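Everything below belongs to input_23.cif, which stores mmCIF, C-alpha atoms.
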data_target
loop_
_atom_site.label_atom_id
_atom_site.label_comp_id
_atom_site.auth_asym_id
_atom_site.auth_seq_id
_atom_site.Cartn_x
_atom_site.Cartn_y
_atom_site.Cartn_z
CA MET A 1 -26.85 112.12 91.57
CA ASN A 2 -25.38 110.32 88.56
CA PHE A 3 -22.60 107.71 88.45
CA LEU A 4 -19.83 110.25 87.78
CA GLU A 5 -20.94 112.60 90.56
CA GLU A 6 -21.03 109.63 92.93
CA ARG A 7 -17.52 108.63 91.90
CA ILE A 8 -16.21 112.17 92.36
CA LEU A 9 -17.64 112.25 95.90
CA LYS A 10 -16.09 108.87 96.61
CA ASP A 11 -12.60 109.34 95.14
CA GLY A 12 -12.15 113.02 94.27
CA VAL A 13 -10.03 115.16 96.58
CA VAL A 14 -10.45 118.92 96.98
CA LYS A 15 -7.16 120.81 97.13
CA GLU A 16 -6.16 124.42 97.72
CA GLY A 17 -6.71 126.76 94.79
CA ASN A 18 -9.97 125.17 93.58
CA VAL A 19 -8.15 122.08 92.40
CA LEU A 20 -10.21 118.89 92.23
CA LYS A 21 -7.92 115.89 92.10
CA VAL A 22 -9.48 112.98 90.26
CA ASP A 23 -6.22 111.33 89.27
CA SER A 24 -7.18 107.96 90.73
CA PHE A 25 -9.88 107.38 88.10
CA LEU A 26 -9.90 110.10 85.44
CA ASN A 27 -6.66 111.76 84.43
CA HIS A 28 -3.68 109.71 85.56
CA GLN A 29 -5.08 106.32 86.48
CA MET A 30 -8.13 105.74 84.28
CA ASP A 31 -11.15 103.59 85.12
CA ILE A 32 -12.08 102.17 81.74
CA GLU A 33 -15.47 100.83 82.82
CA LEU A 34 -16.35 104.30 84.08
CA PHE A 35 -15.19 105.80 80.79
CA ASP A 36 -17.38 103.34 78.92
CA LYS A 37 -20.40 104.45 80.95
CA MET A 38 -19.52 108.07 80.23
CA GLY A 39 -19.34 107.27 76.52
CA GLU A 40 -22.77 105.65 76.69
CA GLU A 41 -24.16 108.71 78.46
CA PHE A 42 -22.68 111.09 75.86
CA LYS A 43 -24.30 108.98 73.16
CA ARG A 44 -27.64 109.31 74.96
CA ARG A 45 -27.30 113.09 75.33
CA PHE A 46 -26.24 113.64 71.72
CA ALA A 47 -28.53 110.97 70.24
CA GLU A 48 -30.20 113.51 67.94
CA LYS A 49 -26.98 115.07 66.70
CA PRO A 50 -25.06 113.98 63.61
CA VAL A 51 -21.50 113.06 64.59
CA ASN A 52 -18.90 111.61 62.26
CA LYS A 53 -15.76 112.54 64.21
CA ILE A 54 -14.76 113.08 67.80
CA LEU A 55 -12.15 115.73 68.52
CA THR A 56 -10.23 115.86 71.78
CA ILE A 57 -6.91 117.18 73.03
CA GLU A 58 -3.89 115.45 74.48
CA ALA A 59 -3.43 113.96 76.91
CA SER A 60 -6.21 113.30 79.39
CA GLY A 61 -9.08 113.74 76.95
CA ILE A 62 -7.93 110.84 74.81
CA GLY A 63 -9.10 107.94 76.96
CA ILE A 64 -12.61 109.34 77.39
CA ALA A 65 -12.85 110.23 73.71
CA CYS A 66 -11.79 106.73 72.64
CA MET A 67 -14.32 105.04 74.87
CA ALA A 68 -17.03 107.43 73.67
CA ALA A 69 -16.06 106.74 70.06
CA ARG A 70 -17.06 103.09 70.50
CA HIS A 71 -20.63 104.24 71.11
CA PHE A 72 -20.65 106.67 68.18
CA ARG A 73 -18.67 104.33 65.91
CA VAL A 74 -16.51 107.18 64.62
CA PRO A 75 -12.78 107.93 64.61
CA VAL A 76 -11.13 110.17 67.19
CA ILE A 77 -8.72 112.98 66.36
CA PHE A 78 -6.61 114.28 69.17
CA ALA A 79 -5.31 117.81 68.88
CA LYS A 80 -1.67 118.24 69.81
CA LYS A 81 -0.50 120.93 72.15
CA THR A 82 2.91 121.65 70.71
CA GLN A 83 4.57 121.48 67.36
CA SER A 84 5.94 117.98 66.74
CA ILE A 85 8.49 117.14 64.08
CA ASN A 86 6.29 114.27 62.93
CA LEU A 87 3.43 116.62 62.15
CA ASP A 88 4.34 117.86 58.72
CA GLY A 89 2.20 119.49 56.09
CA ASP A 90 -0.65 121.84 56.57
CA MET A 91 -2.08 122.24 60.01
CA TYR A 92 -4.78 124.23 61.73
CA VAL A 93 -3.21 126.07 64.63
CA ALA A 94 -5.01 127.94 67.44
CA GLU A 95 -3.14 129.62 70.25
CA VAL A 96 -4.68 129.06 73.67
CA GLU A 97 -3.69 129.88 77.20
CA SER A 98 -3.83 127.12 79.80
CA PHE A 99 -5.21 128.15 83.17
CA THR A 100 -3.81 125.07 84.89
CA HIS A 101 -0.32 125.28 83.50
CA LYS A 102 0.00 129.07 83.23
CA CYS A 103 1.39 128.96 79.72
CA LYS A 104 0.37 129.39 76.11
CA ASN A 105 0.01 126.36 73.89
CA ASN A 106 -0.65 125.89 70.25
CA VAL A 107 -3.56 123.55 69.62
CA ILE A 108 -2.77 121.78 66.37
CA VAL A 109 -4.77 119.52 64.06
CA SER A 110 -3.65 118.34 60.66
CA LYS A 111 -5.78 119.74 57.83
CA LYS A 112 -6.07 116.22 56.44
CA PHE A 113 -8.42 115.16 59.18
CA LEU A 114 -11.03 117.92 59.35
CA ASN A 115 -13.02 119.42 56.50
CA GLU A 116 -16.31 121.18 55.80
CA GLU A 117 -18.26 117.94 55.72
CA ASP A 118 -17.31 116.94 59.25
CA GLN A 119 -19.77 117.02 62.12
CA VAL A 120 -17.66 117.09 65.18
CA LEU A 121 -18.31 116.11 68.79
CA ILE A 122 -15.65 117.73 70.98
CA ILE A 123 -14.80 115.77 74.13
CA ASP A 124 -12.54 116.67 77.04
CA ASP A 125 -12.07 115.65 80.63
CA PHE A 126 -12.24 119.07 82.30
CA LEU A 127 -13.80 122.43 81.58
CA ALA A 128 -12.78 125.37 83.72
CA ASN A 129 -11.97 128.55 81.84
CA GLY A 130 -12.34 126.68 78.61
CA CYS A 131 -9.18 127.72 76.82
CA ALA A 132 -8.41 124.32 75.35
CA LEU A 133 -12.05 123.96 74.33
CA GLN A 134 -12.03 127.38 72.67
CA GLY A 135 -8.99 126.26 70.69
CA MET A 136 -10.77 123.12 69.52
CA ILE A 137 -13.90 125.07 68.54
CA GLN A 138 -11.72 127.55 66.65
CA ILE A 139 -9.97 124.75 64.79
CA THR A 140 -13.24 123.01 63.91
CA GLN A 141 -14.55 126.27 62.49
CA MET A 142 -11.29 127.02 60.64
CA ALA A 143 -11.85 123.71 58.87
CA GLY A 144 -15.37 124.75 57.90
CA ALA A 145 -16.65 121.80 59.92
CA THR A 146 -19.64 121.87 62.29
CA VAL A 147 -19.48 121.57 66.06
CA SER A 148 -22.33 119.12 66.70
CA GLY A 149 -21.82 119.23 70.43
CA ILE A 150 -19.39 119.34 73.30
CA GLY A 151 -19.12 116.61 75.93
CA ILE A 152 -17.20 117.23 79.13
CA ALA A 153 -16.64 114.91 82.06
CA ILE A 154 -16.26 117.50 84.84
CA GLU A 155 -17.10 121.18 84.54
CA LYS A 156 -16.10 123.70 87.16
CA GLY A 157 -19.38 125.59 87.19
CA PHE A 158 -17.91 128.39 89.26
CA GLN A 159 -15.52 129.31 86.45
CA SER A 160 -16.60 131.04 83.30
CA GLY A 161 -15.85 128.52 80.54
CA GLY A 162 -19.17 126.68 80.50
CA ARG A 163 -21.36 129.77 80.64
CA ILE A 164 -19.52 131.43 77.76
CA ILE A 165 -19.76 128.35 75.56
CA ARG A 166 -23.49 127.91 76.27
CA ASN A 167 -24.04 131.64 75.63
CA LEU A 168 -22.50 131.10 72.22
CA GLY A 169 -25.27 128.59 71.47
CA PHE A 170 -23.35 125.33 71.63
CA GLN A 171 -24.90 122.20 73.13
CA LEU A 172 -22.47 121.63 75.98
CA GLU A 173 -23.11 118.57 78.12
CA SER A 174 -21.03 118.15 81.26
CA LEU A 175 -21.62 114.90 83.11
CA ALA A 176 -20.78 116.56 86.43
CA ILE A 177 -20.89 120.30 87.10
CA VAL A 178 -19.16 121.31 90.31
CA GLU A 179 -20.83 124.38 91.79
CA SER A 180 -18.57 124.71 94.79
CA MET A 181 -15.87 122.90 96.68
CA ASP A 182 -14.71 123.37 100.23
CA VAL A 183 -11.09 122.54 100.90
CA LYS A 184 -11.56 122.30 104.68
CA SER A 185 -14.46 119.86 104.79
CA GLY A 186 -13.76 118.32 101.37
CA ALA A 187 -17.41 118.92 100.48
CA ILE A 188 -18.35 119.14 96.79
CA LYS A 189 -21.68 120.55 95.54
CA PHE A 190 -22.98 119.69 92.09
CA ARG A 191 -25.37 121.66 89.91
CA GLU A 192 -28.73 119.93 89.48
CA GLN A 193 -29.20 118.68 85.95
CA SER A 194 -32.52 117.67 84.44
CA MET B 1 0.17 89.40 57.11
CA ASN B 2 -1.98 90.52 60.05
CA PHE B 3 -4.63 93.24 60.17
CA LEU B 4 -2.24 95.94 61.43
CA GLU B 5 0.43 95.18 58.83
CA GLU B 6 -2.24 95.35 56.15
CA ARG B 7 -3.42 98.70 57.45
CA ILE B 8 0.12 100.07 57.55
CA LEU B 9 0.63 99.07 53.91
CA LYS B 10 -2.67 100.68 52.99
CA ASP B 11 -2.44 103.96 54.90
CA GLY B 12 1.09 104.34 56.24
CA VAL B 13 3.45 106.74 54.46
CA VAL B 14 7.23 106.38 54.42
CA LYS B 15 9.07 109.68 54.88
CA GLU B 16 12.69 110.77 54.81
CA GLY B 17 14.70 109.88 57.90
CA ASN B 18 13.05 106.51 58.56
CA VAL B 19 9.80 108.15 59.57
CA LEU B 20 6.66 106.07 59.15
CA LYS B 21 3.62 108.30 59.19
CA VAL B 22 0.55 106.53 60.50
CA ASP B 23 -1.26 109.62 61.65
CA SER B 24 -4.43 108.82 59.71
CA PHE B 25 -5.26 105.84 61.93
CA LEU B 26 -2.85 105.52 64.85
CA ASN B 27 -1.38 108.64 66.41
CA HIS B 28 -3.35 111.70 65.40
CA GLN B 29 -6.58 110.42 63.94
CA MET B 30 -7.36 107.12 65.70
CA ASP B 31 -9.34 104.22 64.27
CA ILE B 32 -11.11 102.87 67.34
CA GLU B 33 -12.25 99.64 65.72
CA LEU B 34 -8.65 98.92 64.78
CA PHE B 35 -7.56 99.71 68.34
CA ASP B 36 -10.16 97.31 69.65
CA LYS B 37 -8.77 94.54 67.42
CA MET B 38 -5.28 95.36 68.66
CA GLY B 39 -6.49 95.10 72.25
CA GLU B 40 -8.01 91.71 71.50
CA GLU B 41 -4.74 90.54 69.96
CA PHE B 42 -2.71 91.73 72.97
CA LYS B 43 -5.09 89.80 75.20
CA ARG B 44 -4.48 86.68 73.08
CA ARG B 45 -0.70 87.09 73.19
CA PHE B 46 -0.59 87.72 76.93
CA ALA B 47 -3.34 85.26 77.83
CA GLU B 48 -1.07 83.34 80.21
CA LYS B 49 0.28 86.42 81.97
CA PRO B 50 -1.20 87.94 85.12
CA VAL B 51 -2.07 91.60 84.44
CA ASN B 52 -3.84 93.91 86.88
CA LYS B 53 -2.75 97.25 85.42
CA ILE B 54 -1.83 98.68 82.05
CA LEU B 55 0.84 101.37 81.95
CA THR B 56 1.29 103.65 78.96
CA ILE B 57 2.70 107.11 78.27
CA GLU B 58 1.09 110.24 76.99
CA ALA B 59 -0.13 110.99 74.45
CA SER B 60 -0.43 108.50 71.62
CA GLY B 61 -0.22 105.36 73.74
CA ILE B 62 -3.38 106.26 75.66
CA GLY B 63 -5.99 105.31 73.08
CA ILE B 64 -4.47 101.90 72.40
CA ALA B 65 -4.01 101.24 76.12
CA CYS B 66 -7.63 102.14 76.89
CA MET B 67 -9.01 99.86 74.20
CA ALA B 68 -6.72 97.05 75.35
CA ALA B 69 -7.84 97.59 78.94
CA ARG B 70 -11.38 96.63 77.96
CA HIS B 71 -10.09 93.16 77.08
CA PHE B 72 -8.03 92.81 80.25
CA ARG B 73 -10.66 94.51 82.47
CA VAL B 74 -8.01 96.52 84.31
CA PRO B 75 -7.34 100.24 84.82
CA VAL B 76 -4.85 102.19 82.73
CA ILE B 77 -2.21 104.50 84.14
CA PHE B 78 -0.63 106.94 81.77
CA ALA B 79 2.81 108.20 82.62
CA LYS B 80 3.27 111.93 82.17
CA LYS B 81 6.17 113.40 80.29
CA THR B 82 6.66 116.64 82.17
CA GLN B 83 6.07 117.90 85.65
CA SER B 84 2.52 119.17 86.02
CA ILE B 85 1.36 121.40 88.86
CA ASN B 86 -1.59 119.06 89.41
CA LEU B 87 0.72 116.14 90.13
CA ASP B 88 1.51 116.64 93.76
CA GLY B 89 2.85 114.20 96.32
CA ASP B 90 5.29 111.43 95.78
CA MET B 91 6.12 110.41 92.26
CA TYR B 92 8.35 107.96 90.48
CA VAL B 93 10.49 109.87 88.01
CA ALA B 94 12.69 108.42 85.27
CA GLU B 95 14.66 110.61 82.91
CA VAL B 96 14.53 109.47 79.28
CA GLU B 97 15.72 110.89 76.02
CA SER B 98 13.27 111.04 73.12
CA PHE B 99 14.69 110.09 69.74
CA THR B 100 11.76 111.64 67.87
CA HIS B 101 11.74 114.93 69.67
CA LYS B 102 15.47 115.26 70.38
CA CYS B 103 14.94 116.22 74.00
CA LYS B 104 15.00 114.78 77.48
CA ASN B 105 11.78 114.14 79.31
CA ASN B 106 10.90 113.05 82.76
CA VAL B 107 8.57 110.07 82.76
CA ILE B 108 6.40 110.46 85.85
CA VAL B 109 3.94 108.20 87.63
CA SER B 110 2.35 108.90 90.99
CA LYS B 111 3.46 106.46 93.67
CA LYS B 112 -0.18 106.01 94.62
CA PHE B 113 -0.88 103.96 91.52
CA LEU B 114 1.94 101.41 91.38
CA ASN B 115 3.15 99.12 94.14
CA GLU B 116 4.87 95.80 94.64
CA GLU B 117 1.67 93.82 94.13
CA ASP B 118 1.08 95.16 90.64
CA GLN B 119 1.56 93.04 87.54
CA VAL B 120 1.91 95.51 84.76
CA LEU B 121 1.38 95.28 81.03
CA ILE B 122 3.18 98.18 79.35
CA ILE B 123 1.58 99.39 76.12
CA ASP B 124 2.76 101.96 73.61
CA ASP B 125 2.14 102.85 70.00
CA PHE B 126 5.75 102.91 68.72
CA LEU B 127 9.03 101.29 69.66
CA ALA B 128 12.18 102.56 67.99
CA ASN B 129 15.11 103.17 70.31
CA GLY B 130 12.86 102.42 73.24
CA CYS B 131 13.64 105.37 75.49
CA ALA B 132 10.07 105.92 76.63
CA LEU B 133 9.69 102.19 77.17
CA GLN B 134 12.89 102.04 79.21
CA GLY B 135 11.49 104.83 81.38
CA MET B 136 8.27 102.89 81.97
CA ILE B 137 10.16 99.69 82.82
CA GLN B 138 12.35 101.65 85.22
CA ILE B 139 9.32 103.15 86.93
CA THR B 140 7.56 99.78 87.23
CA GLN B 141 10.67 98.35 88.85
CA MET B 142 11.13 101.37 91.14
CA ALA B 143 7.64 100.59 92.44
CA GLY B 144 8.64 96.98 93.11
CA ALA B 145 5.96 95.92 90.62
CA THR B 146 6.39 93.23 87.96
CA VAL B 147 6.51 93.83 84.21
CA SER B 148 4.21 91.05 82.97
CA GLY B 149 4.74 92.02 79.37
CA ILE B 150 5.12 94.77 76.82
CA GLY B 151 2.71 95.31 73.95
CA ILE B 152 3.66 97.60 71.08
CA ALA B 153 1.68 98.47 67.98
CA ILE B 154 4.56 99.20 65.59
CA GLU B 155 8.19 98.34 66.21
CA LYS B 156 10.98 99.65 64.04
CA GLY B 157 12.92 96.42 63.87
CA PHE B 158 15.93 98.13 62.30
CA GLN B 159 16.46 100.20 65.44
CA SER B 160 17.83 98.76 68.62
CA GLY B 161 15.01 99.18 71.14
CA GLY B 162 13.23 95.86 70.61
CA ARG B 163 16.37 93.72 70.58
CA ILE B 164 17.65 95.22 73.81
CA ILE B 165 14.34 94.70 75.60
CA ARG B 166 14.08 91.07 74.43
CA ASN B 167 17.72 90.49 75.43
CA LEU B 168 16.75 91.62 78.90
CA GLY B 169 14.23 88.79 79.03
CA PHE B 170 10.95 90.67 78.72
CA GLN B 171 8.05 89.29 76.70
CA LEU B 172 7.79 92.01 74.10
CA GLU B 173 4.99 91.62 71.56
CA SER B 174 4.89 94.04 68.65
CA LEU B 175 1.89 93.65 66.37
CA ALA B 176 3.90 94.87 63.39
CA ILE B 177 7.69 94.87 63.15
CA VAL B 178 9.02 96.97 60.29
CA GLU B 179 12.28 95.50 58.99
CA SER B 180 12.90 98.10 56.33
CA MET B 181 11.26 100.98 54.57
CA ASP B 182 12.10 102.55 51.24
CA VAL B 183 11.28 106.20 50.91
CA LYS B 184 11.47 106.19 47.09
CA SER B 185 9.12 103.31 46.39
CA GLY B 186 7.19 103.59 49.66
CA ALA B 187 7.76 99.86 50.19
CA ILE B 188 7.58 98.50 53.74
CA LYS B 189 8.89 95.07 54.76
CA PHE B 190 7.69 93.36 57.93
CA ARG B 191 9.45 90.75 60.02
CA GLU B 192 7.75 87.35 59.83
CA GLN B 193 6.09 86.48 63.13
CA SER B 194 4.97 83.00 64.14
#

Rewritten as structure tokens:
Amino acid sequence: MNFLEERILKDGVVKEGNVLKVDSFLNHQMDIELFDKMGEEFKRRFAEKPVNKILTIEASGIGIACMAARHFRVPVIFAKKTQSINLDGDMYVAEVESFTHKCKNNVIVSKKFLNEEDQVLIIDDFLANGCALQGMIQITQMAGATVSGIGIAIEKGFQSGGRIIRNLGFQLESLAIVESMDVKSGAIKFREQS
Amino acid sequence: MNFLEERILKDGVVKEGNVLKVDSFLNHQMDIELFDKMGEEFKRRFAEKPVNKILTIEASGIGIACMAARHFRVPVIFAKKTQSINLDGDMYVAEVESFTHKCKNNVIVSKKFLNEEDQVLIIDDFLANGCALQGMIQITQMAGATVSGIGIAIEKGFQSGGRIIRNLGFQLESLAIVESMDVKSGAIKFREQS
């Protein structure tokens, strides 16, 4: 079991509706030392891949992406979820549907910050159905840039997002893949990773 | 002139309506080395203050707060701007009005993560009228916690937020305070800081 899986067992809480609450260390309160370890591990897993930019999406991907960026020594771009009046000029826009929030969002990145020379590592905190991730892949490809890899903190292995993305040939590395959760006992099973 | 003021002169763009665009390094694409320097500078300015938690608000405060947290060795909490279905249980809620987005938002922090023993450094990327900041101060005080200080990347010194907060007796440290901007020439004047 790796350090993130151990932390999930220690502080994660299983809730009704296949919700895994990790808000005490990942997506509300954030453990920066843990994030730094995660960044180091992403760097190890993508050591062979060229990466000159990290792309994530607001809000809870940003902390992990920033700490990972220290290890890659590259800038981070965070995609915005709604049109903002401060985002002028030309933008890449992908429409995605959020499973968690039951609504459609536009994923938006300014055209200034992605182009065909970019080799992009996409980072996010959660992968379930993968809608936000699909939006980021779409935007990277709209820009003519290359998706060098995808790094996720926690993947819900019992939902389809991860399988689809791997079937499409992307190198998707999830630091913890939850195979099943039991709301009664609070038990969490992880997929074995080599 | 400090490193952030220099960077603003180099890459910031003055737009109509007193908008300062810094999206190439601060709030869309993020320069992590710059953020690390900012974190180091916040640590220097708040060296005498007890800090056991950093509080920020989604989305663009998160990166700066995380990099600062490395220097303080404390966790970061990011306040959420809207009700999320994953945020259950008891929450502190402050209603604030956003100047930039012309709408009201609820600033929300779970009660689990702030209590009367906490000594909080509030960090955000921008301070103009200070609505988001006022929401974070309100929430810290609702929790019975102490505001140890407030660290801002860029303050618009010609708007009222900073003056009000300093008048209330808080130690507010803005790494760059813009006194005036000229949209025609693109000139930016900073307030002298000791």

Residues of chain A within 8 Å of chain B, all atoms listed in the file counted, as a PyMOL selection string: chain A and resi 19+21+24+28-33+58-59+62-63+66-67+69-70+73-79+84-86+100-101+113

Restricting the calculation to only C-alpha atoms: of A:Asn105, A:Ser185, A:Ser174, A:Thr56, which residue gets closest to Glu5 (chain A)? A:Ser174

Identify all residues satisfying the PyMOL selection byres ((chain B and resi 171) around 8) in the given file; provide them as a list in words.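 Answer for the PyMOL selection byres ((chain B and resi 171) around 8): Ser148, Gly149, Ile150, Arg166, Gly169, Phe170, Leu172 and Glu173 of chain B.
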
Any chance you could work out the residue set of the PyMOL selection byres ((chain A and resi 138) around 10) here, as a compact mmCIF listing (two decimals) with C-alpha atoms, in the frame of the given file?
# COMPACT_ATOMS: atom_id res chain seq x y z
CA TYR A 92 -4.78 124.23 61.73
CA VAL A 93 -3.21 126.07 64.63
CA ALA A 94 -5.01 127.94 67.44
CA GLU A 95 -3.14 129.62 70.25
CA VAL A 107 -3.56 123.55 69.62
CA ALA A 132 -8.41 124.32 75.35
CA LEU A 133 -12.05 123.96 74.33
CA GLN A 134 -12.03 127.38 72.67
CA GLY A 135 -8.99 126.26 70.69
CA MET A 136 -10.77 123.12 69.52
CA ILE A 137 -13.90 125.07 68.54
CA ILE A 139 -9.97 124.75 64.79
CA THR A 140 -13.24 123.01 63.91
CA GLN A 141 -14.55 126.27 62.49
CA MET A 142 -11.29 127.02 60.64
CA ALA A 143 -11.85 123.71 58.87
CA GLY A 144 -15.37 124.75 57.90
CA VAL A 147 -19.48 121.57 66.06

Which is closer to Phe3 (chain B) than all the others in B:Ala153, B:Gly162, B:Ile123, B:Thr146, using all atoms listed in the file?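 Nearest candidate to Phe3 (chain B) out of B:Ala153, B:Gly162, B:Ile123, B:Thr146: B:Ala153.
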
Near Ala128 (chain B), counting only C-alpha atoms, which residues have an atom at most 6 Å away, once you skip same-chain residues fewer than 4 positions from it, shown as a list of chain:residue names?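 Everything that qualifies: B:Lys156, B:Gln159, B:Gly161.
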
Result set, the PyMOL selection byres ((chain B and resi 50) around 9) on current file, as a CSV table (one decimal) with C-alpha atoms, keeping the file's coordinate frame:
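Ended up saving to part-v2.csv:
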chain,number,residue,atom,x,y,z
B,46,PHE,CA,-0.6,87.7,76.9
B,47,ALA,CA,-3.3,85.3,77.8
B,48,GLU,CA,-1.1,83.3,80.2
B,49,LYS,CA,0.3,86.4,82.0
B,51,VAL,CA,-2.1,91.6,84.4
B,52,ASN,CA,-3.8,93.9,86.9
B,119,GLN,CA,1.6,93.0,87.5
B,120,VAL,CA,1.9,95.5,84.8
B,121,LEU,CA,1.4,95.3,81.0
B,148,SER,CA,4.2,91.0,83.0

Counting all atoms listed in the file, figure out which residue out of B:Ala145, B:Ile108, B:Leu127, B:Ala187 gets nearest to Arg163 (chain B). B:Leu127

Starting from the incomplete input, reconstruct N, CA, C and O atoms of region 36-51 of chain B and report them as a short mmCIF file (atom, residue, chain, number, x, y, z; two decimals), in the frame of the given file.
data_model
loop_
_atom_site.label_atom_id
_atom_site.label_comp_id
_atom_site.auth_asym_id
_atom_site.auth_seq_id
_atom_site.Cartn_x
_atom_site.Cartn_y
_atom_site.Cartn_z
N ASP B 36 -9.48 98.38 68.93
CA ASP B 36 -10.16 97.31 69.65
C ASP B 36 -9.61 95.94 69.23
O ASP B 36 -9.38 95.06 70.07
N LYS B 37 -9.38 95.79 67.93
CA LYS B 37 -8.77 94.54 67.42
C LYS B 37 -7.37 94.35 68.01
O LYS B 37 -6.96 93.23 68.32
N MET B 38 -6.63 95.44 68.10
CA MET B 38 -5.28 95.36 68.66
C MET B 38 -5.35 94.92 70.12
O MET B 38 -4.56 94.09 70.58
N GLY B 39 -6.32 95.47 70.85
CA GLY B 39 -6.49 95.10 72.25
C GLY B 39 -6.80 93.61 72.39
O GLY B 39 -6.27 92.92 73.28
N GLU B 40 -7.65 93.13 71.51
CA GLU B 40 -8.01 91.71 71.50
C GLU B 40 -6.78 90.84 71.23
O GLU B 40 -6.57 89.81 71.87
N GLU B 41 -5.95 91.30 70.31
CA GLU B 41 -4.74 90.54 69.96
C GLU B 41 -3.72 90.57 71.12
O GLU B 41 -3.08 89.55 71.40
N PHE B 42 -3.59 91.70 71.79
CA PHE B 42 -2.71 91.73 72.97
C PHE B 42 -3.21 90.75 74.02
O PHE B 42 -2.43 90.03 74.64
N LYS B 43 -4.52 90.71 74.21
CA LYS B 43 -5.09 89.80 75.20
C LYS B 43 -4.75 88.35 74.83
O LYS B 43 -4.41 87.54 75.70
N ARG B 44 -4.80 88.04 73.54
CA ARG B 44 -4.48 86.68 73.08
C ARG B 44 -3.00 86.37 73.35
O ARG B 44 -2.66 85.31 73.87
N ARG B 45 -2.14 87.35 73.05
CA ARG B 45 -0.70 87.09 73.19
C ARG B 45 -0.25 87.04 74.65
O ARG B 45 0.77 86.42 74.96
N PHE B 46 -0.96 87.72 75.51
CA PHE B 46 -0.59 87.72 76.93
C PHE B 46 -1.60 86.95 77.77
O PHE B 46 -1.76 87.21 78.97
N ALA B 47 -2.26 85.99 77.15
CA ALA B 47 -3.34 85.26 77.83
C ALA B 47 -2.86 84.56 79.09
O ALA B 47 -3.59 84.44 80.07
N GLU B 48 -1.61 84.11 79.08
CA GLU B 48 -1.07 83.34 80.21
C GLU B 48 -0.50 84.23 81.31
O GLU B 48 -0.08 83.74 82.36
N LYS B 49 -0.40 85.53 81.02
CA LYS B 49 0.28 86.42 81.97
C LYS B 49 -0.72 87.11 82.91
O LYS B 49 -1.77 87.57 82.46
N PRO B 50 -0.36 87.18 84.20
CA PRO B 50 -1.20 87.94 85.12
C PRO B 50 -1.03 89.44 84.85
O PRO B 50 0.11 89.92 84.74
N VAL B 51 -2.12 90.15 84.70
CA VAL B 51 -2.07 91.60 84.44
C VAL B 51 -3.16 92.26 85.26
O VAL B 51 -4.34 91.92 85.11
#
